[in-house]
>>> print(open('my_file.csv').read())   # CSV, C-alpha atoms
chain,number,residue,atom,x,y,z
K,1,MET,CA,14.2,3.0,-1.3
K,2,LYS,CA,12.7,-0.3,-2.4
K,3,ILE,CA,9.0,-0.1,-3.5
K,4,ALA,CA,6.8,-3.2,-3.8
K,5,LEU,CA,4.2,-3.0,-6.6
K,6,ALA,CA,1.3,-5.2,-7.5
K,7,CYS,CA,-1.9,-5.1,-9.5
K,8,ASP,CA,-4.6,-7.2,-11.1
K,9,HIS,CA,-5.6,-7.0,-14.8
K,10,GLY,CA,-7.7,-3.9,-14.1
K,11,GLY,CA,-4.6,-2.0,-12.8
K,12,LEU,CA,-1.9,-3.3,-15.1
K,13,GLN,CA,-1.4,-0.2,-17.3
K,14,LEU,CA,-1.2,2.1,-14.3
K,15,LYS,CA,1.2,-0.2,-12.4
K,16,GLN,CA,3.5,-0.5,-15.4
K,17,HIS,CA,3.5,3.3,-15.7
K,18,ILE,CA,4.3,3.7,-12.0
K,19,ALA,CA,7.1,1.1,-12.2
K,20,GLU,CA,8.7,2.9,-15.2
K,21,TYR,CA,8.3,6.2,-13.5
K,22,LEU,CA,9.9,5.0,-10.2
K,23,GLN,CA,12.8,3.3,-12.0
K,24,GLY,CA,13.4,6.4,-14.0
K,25,LYS,CA,13.8,8.3,-10.7
K,26,GLY,CA,16.4,5.7,-9.5
K,27,GLU,CA,14.0,3.8,-7.1
K,28,LYS,CA,14.2,0.0,-6.8
K,29,VAL,CA,11.0,-1.8,-7.6
K,30,ALA,CA,9.9,-5.3,-6.6
K,31,ASP,CA,7.0,-6.2,-9.0
K,32,PHE,CA,4.7,-8.8,-7.6
K,33,GLY,CA,2.6,-9.0,-10.8
K,34,THR,CA,0.3,-9.4,-12.6
K,35,TYR,CA,2.2,-9.1,-15.8
K,36,THR,CA,-0.6,-9.6,-18.4
K,37,SER,CA,-4.1,-8.3,-19.0
K,38,ASP,CA,-5.6,-11.8,-18.6
K,39,SER,CA,-8.4,-11.8,-16.0
K,40,CYS,CA,-7.0,-12.7,-12.5
K,41,ASP,CA,-7.7,-12.4,-8.8
K,42,TYR,CA,-6.2,-9.3,-7.1
K,43,PRO,CA,-5.5,-11.1,-3.7
K,44,ASP,CA,-3.0,-13.3,-5.5
K,45,PHE,CA,-0.8,-10.2,-6.1
K,46,ALA,CA,-1.7,-7.7,-3.5
K,47,ARG,CA,-1.1,-10.1,-0.6
K,48,PRO,CA,2.5,-10.9,-1.4
K,49,CYS,CA,3.2,-7.3,-2.1
K,50,ALA,CA,1.8,-6.3,1.3
K,51,GLN,CA,3.6,-9.1,3.0
K,52,ALA,CA,6.9,-7.9,1.6
K,53,VAL,CA,6.3,-4.5,3.1
K,54,ALA,CA,5.2,-6.0,6.5
K,55,ALA,CA,8.4,-8.2,6.5
K,56,GLY,CA,10.6,-5.2,5.8
K,57,GLN,CA,11.8,-6.6,2.4
K,58,CYS,CA,10.4,-3.4,0.8
K,59,ASP,CA,10.1,0.0,2.4
K,60,LEU,CA,6.7,0.9,1.0
K,61,GLY,CA,4.1,-0.6,-1.4
K,62,ILE,CA,1.7,0.4,-4.1
K,63,VAL,CA,-1.2,-1.8,-5.1
K,64,VAL,CA,-3.5,-1.1,-8.1
K,65,CYS,CA,-6.8,-2.4,-9.4
K,66,THR,CA,-9.7,-0.9,-11.3
K,67,THR,CA,-11.0,1.0,-8.3
K,68,GLY,CA,-8.3,0.5,-5.7
K,69,ILE,CA,-10.9,-0.9,-3.2
K,70,GLY,CA,-10.2,-4.6,-3.6
K,71,VAL,CA,-6.4,-4.4,-3.3
K,72,SER,CA,-6.7,-2.0,-0.3
K,73,ILE,CA,-8.9,-4.5,1.5
K,74,VAL,CA,-6.5,-7.3,0.8
K,75,ALA,CA,-3.4,-5.3,1.8
K,76,ASN,CA,-5.0,-4.3,5.1
K,77,LYS,CA,-5.6,-7.9,6.0
K,78,VAL,CA,-1.8,-8.3,6.4
K,79,LYS,CA,-0.6,-7.5,10.0
K,80,GLY,CA,1.7,-4.5,10.0
K,81,VAL,CA,0.2,-3.0,6.9
K,82,ARG,CA,-1.7,0.3,6.8
K,83,CYS,CA,-3.0,0.7,3.3
K,84,ALA,CA,-4.7,3.9,2.2
K,85,LEU,CA,-6.7,4.3,-1.0
K,86,CYS,CA,-5.8,7.8,-2.3
K,87,LEU,CA,-7.4,9.8,-5.1
K,88,ASN,CA,-5.2,12.9,-4.8
K,89,GLU,CA,-2.0,14.3,-3.4
K,90,ASP,CA,-3.5,15.6,-0.2
K,91,MET,CA,-4.9,12.2,0.7
K,92,ALA,CA,-1.4,10.7,0.0
K,93,GLU,CA,0.2,13.2,2.3
K,94,MET,CA,-2.3,12.9,5.1
K,95,CYS,CA,-2.2,9.1,5.1
K,96,ARG,CA,1.5,9.2,5.6
K,97,ARG,CA,1.6,12.1,8.1
K,98,HIS,CA,-1.3,11.0,10.4
K,99,ASN,CA,-1.6,7.2,9.8
K,100,ASP,CA,1.9,6.1,8.9
K,101,ALA,CA,0.4,4.3,5.9
K,102,ASN,CA,3.0,2.0,4.3
K,103,VAL,CA,1.0,0.9,1.3
K,104,LEU,CA,-0.8,3.1,-1.2
K,105,ALA,CA,-3.8,1.8,-3.2
K,106,LEU,CA,-4.8,3.4,-6.5
K,107,GLY,CA,-7.7,2.8,-8.9
K,108,GLN,CA,-6.8,2.9,-12.6
K,109,LYS,CA,-10.3,3.9,-13.5
K,110,TYR,CA,-10.1,7.0,-11.3
K,111,VAL,CA,-6.5,8.1,-11.4
K,112,ASP,CA,-4.7,9.0,-14.6
K,113,SER,CA,-0.9,8.5,-15.1
K,114,ALA,CA,0.0,12.2,-14.5
K,115,SER,CA,-2.0,12.3,-11.3
K,116,ALA,CA,-0.6,9.0,-10.2
K,117,GLU,CA,2.9,10.3,-10.5
K,118,LYS,CA,2.1,13.2,-8.2
K,119,ILE,CA,0.2,11.0,-5.7
K,120,VAL,CA,3.1,8.5,-5.6
K,121,ASP,CA,5.7,11.3,-5.1
K,122,ARG,CA,3.7,12.8,-2.2
K,123,PHE,CA,3.3,9.3,-0.7
K,124,LEU,CA,6.9,8.4,-0.9
K,125,HIS,CA,8.3,11.7,0.3
K,126,THR,CA,6.0,12.5,3.2
K,127,SER,CA,7.1,11.4,6.7
K,128,PHE,CA,5.0,10.3,9.6
K,129,ASP,CA,4.4,13.1,12.1
K,130,GLY,CA,4.4,10.9,15.2
K,131,GLY,CA,3.4,12.6,18.4
K,132,ARG,CA,-0.3,12.2,19.1
K,133,HIS,CA,-0.7,10.2,15.9
K,134,ARG,CA,1.7,7.5,17.2
K,135,THR,CA,-0.9,6.5,19.9
K,136,ARG,CA,-3.6,6.1,17.2
K,137,VAL,CA,-1.3,4.1,15.0
K,138,ASP,CA,-0.4,1.9,17.9
K,139,LYS,CA,-4.1,1.3,18.6
K,140,ILE,CA,-4.6,0.3,14.9
K,141,GLU,CA,-1.8,-2.2,15.3
K,142,ASN,CA,-3.4,-3.8,18.4
K,143,VAL,CA,-6.9,-4.3,16.8
>>> encode(input="my_file.csv", output="C-alpha cells")
Amino acid sequence: MKIALACDHGGLQLKQHIAEYLQGKGEKVADFGTYTSDSCDYPDFARPCAQAVAAGQCDLGIVVCTTGIGVSIVANKVKGVRCALCLNEDMAEMCRRHNDANVLALGQKYVDSASAEKIVDRFLHTSFDGGRHRTRVDKIENV
C-alpha cells in the first residue's frame, strides 16, 4: 500500500512520527511536505496529497495540521476525496466502513503519537462495507 502524507508546520512532528511508523511496518510513503517547522500554508501541502489519492497515485492519504480542521477542508475540496477528521480509533473505523473515506485528517494538538498509531492502523485496515452505504457515497460524489 502507498500512503500519501502531508502537513503544515503545526502538524510536522506528528506527520514525521507517522511516516517513520508506517515505513517501519513496510508501507510505502509519499511525503508531500512540509519538511520544516517554518510557518507555511496548509493548502500548499494538503491539496497535492489529496490529488495524489484522487488520481490513484496513492492508495490512501493522511493530512495533519494543528487541529486537523484546515487540512480536512482542503482535502475535501478535491473531487474524489472523502477526508475525515478523526480523534479516535472508532471514528477511523466508521469513516472507512460507512463513508469509504480515503484521506484521514489528524490534529497534532489533540492526538498524541501513540493514539495516532492506533488511529492510522484502524484507518488503513478497515474496509468499506458497501451495501446501503454505497448509495450514500455515490450521492456524496455527485454533489
>>> closest_residue(input="my_file.csv", among="K:Leu60, K:Ala6, K:Val78, K:Leu87", to="Asp31 in chain K", atoms="all atoms listed in the file")
K:Ala6
>>> closest_residue(input="my_file.csv", among="K:Ala75, K:Leu104, K:Leu12, K:Leu85", to="Ser37 in chain K", atoms="all atoms listed in the file")
K:Leu12
>>> closest_residue(input="my_file.csv", among="K:Glu141, K:Glu27, K:Glu117, K:Asp8", to="Cys58 in chain K", atoms="only C-alpha atoms")
K:Glu27
>>> closest_residue(input="my_file.csv", among="K:Gln23, K:Ser115, K:Asn99, K:Asn76", to="Thr135 in chain K", atoms="only C-alpha atoms")
K:Asn99
>>> atom_distance(input="my_file.csv", atom1="CA of Lys77 in chain K", atom2="CA of Arg136 in chain K")
18.0 Å
>>> closest_residue(input="my_file.csv", among="K:Ala105, K:Leu124, K:Met94, K:Met1", to="Cys49 in chain K", atoms="only C-alpha atoms")
K:Ala105
>>> residues_around(input="my_file.csv", residues="Leu14 in chain K", least_positions_apart="2", cutoff="12 Å", atoms="all atoms listed in the file", output="PyMOL selection string")
chain K and resi 5-12+16-21+34-35+37+62-68+105-117+120
>>> residues_around(input="my_file.csv", residues="Asp129 in chain K", least_positions_apart="5", cutoff="9 Å", atoms="only C-alpha atoms", output="ChimeraX atom specification")
/K:96-100,134
>>> build_atoms(input="my_file.csv", residues="range 54-67 of chain K", atoms="N, CA and C atoms", output="PDB file, keeping the file's coordinate frame")
ATOM      1  N   ALA K  54       5.350  -5.637   5.062  1.00  0.00           N
ATOM      2  CA  ALA K  54       5.200  -6.000   6.500  1.00  0.00           C
ATOM      3  C   ALA K  54       6.510  -6.678   6.987  1.00  0.00           C
ATOM      4  N   ALA K  55       7.141  -7.461   6.140  1.00  0.00           N
ATOM      5  CA  ALA K  55       8.400  -8.200   6.500  1.00  0.00           C
ATOM      6  C   ALA K  55       9.613  -7.330   6.448  1.00  0.00           C
ATOM      7  N   GLY K  56       9.490  -6.123   5.936  1.00  0.00           N
ATOM      8  CA  GLY K  56      10.600  -5.200   5.800  1.00  0.00           C
ATOM      9  C   GLY K  56      11.504  -5.498   4.594  1.00  0.00           C
ATOM     10  N   GLN K  57      11.021  -6.343   3.682  1.00  0.00           N
ATOM     11  CA  GLN K  57      11.800  -6.600   2.400  1.00  0.00           C
ATOM     12  C   GLN K  57      11.667  -5.427   1.480  1.00  0.00           C
ATOM     13  N   CYS K  58      10.605  -4.655   1.625  1.00  0.00           N
ATOM     14  CA  CYS K  58      10.400  -3.400   0.800  1.00  0.00           C
ATOM     15  C   CYS K  58      10.022  -2.324   1.814  1.00  0.00           C
ATOM     16  N   ASP K  59      10.386  -1.100   1.468  1.00  0.00           N
ATOM     17  CA  ASP K  59      10.100   0.000   2.400  1.00  0.00           C
ATOM     18  C   ASP K  59       8.666   0.454   2.344  1.00  0.00           C
ATOM     19  N   LEU K  60       8.077   0.499   1.162  1.00  0.00           N
ATOM     20  CA  LEU K  60       6.700   0.900   1.000  1.00  0.00           C
ATOM     21  C   LEU K  60       6.105   0.089  -0.156  1.00  0.00           C
ATOM     22  N   GLY K  61       4.781   0.103  -0.288  1.00  0.00           N
ATOM     23  CA  GLY K  61       4.100  -0.600  -1.400  1.00  0.00           C
ATOM     24  C   GLY K  61       3.085   0.197  -2.068  1.00  0.00           C
ATOM     25  N   ILE K  62       2.790  -0.205  -3.302  1.00  0.00           N
ATOM     26  CA  ILE K  62       1.700   0.400  -4.100  1.00  0.00           C
ATOM     27  C   ILE K  62       0.968  -0.723  -4.756  1.00  0.00           C
ATOM     28  N   VAL K  63      -0.346  -0.738  -4.556  1.00  0.00           N
ATOM     29  CA  VAL K  63      -1.200  -1.800  -5.100  1.00  0.00           C
ATOM     30  C   VAL K  63      -2.270  -1.072  -5.997  1.00  0.00           C
ATOM     31  N   VAL K  64      -2.599  -1.689  -7.139  1.00  0.00           N
ATOM     32  CA  VAL K  64      -3.500  -1.100  -8.100  1.00  0.00           C
ATOM     33  C   VAL K  64      -4.509  -2.090  -8.613  1.00  0.00           C
ATOM     34  N   CYS K  65      -5.761  -1.685  -8.671  1.00  0.00           N
ATOM     35  CA  CYS K  65      -6.800  -2.400  -9.400  1.00  0.00           C
ATOM     36  C   CYS K  65      -7.689  -1.431 -10.075  1.00  0.00           C
ATOM     37  N   THR K  66      -8.826  -1.845 -10.557  1.00  0.00           N
ATOM     38  CA  THR K  66      -9.700  -0.900 -11.300  1.00  0.00           C
ATOM     39  C   THR K  66     -10.106   0.251 -10.390  1.00  0.00           C
ATOM     40  N   THR K  67     -10.558  -0.038  -9.173  1.00  0.00           N
ATOM     41  CA  THR K  67     -11.000   1.000  -8.300  1.00  0.00           C
ATOM     42  C   THR K  67     -10.043   1.308  -7.130  1.00  0.00           C
TER      43      THR K  67
END
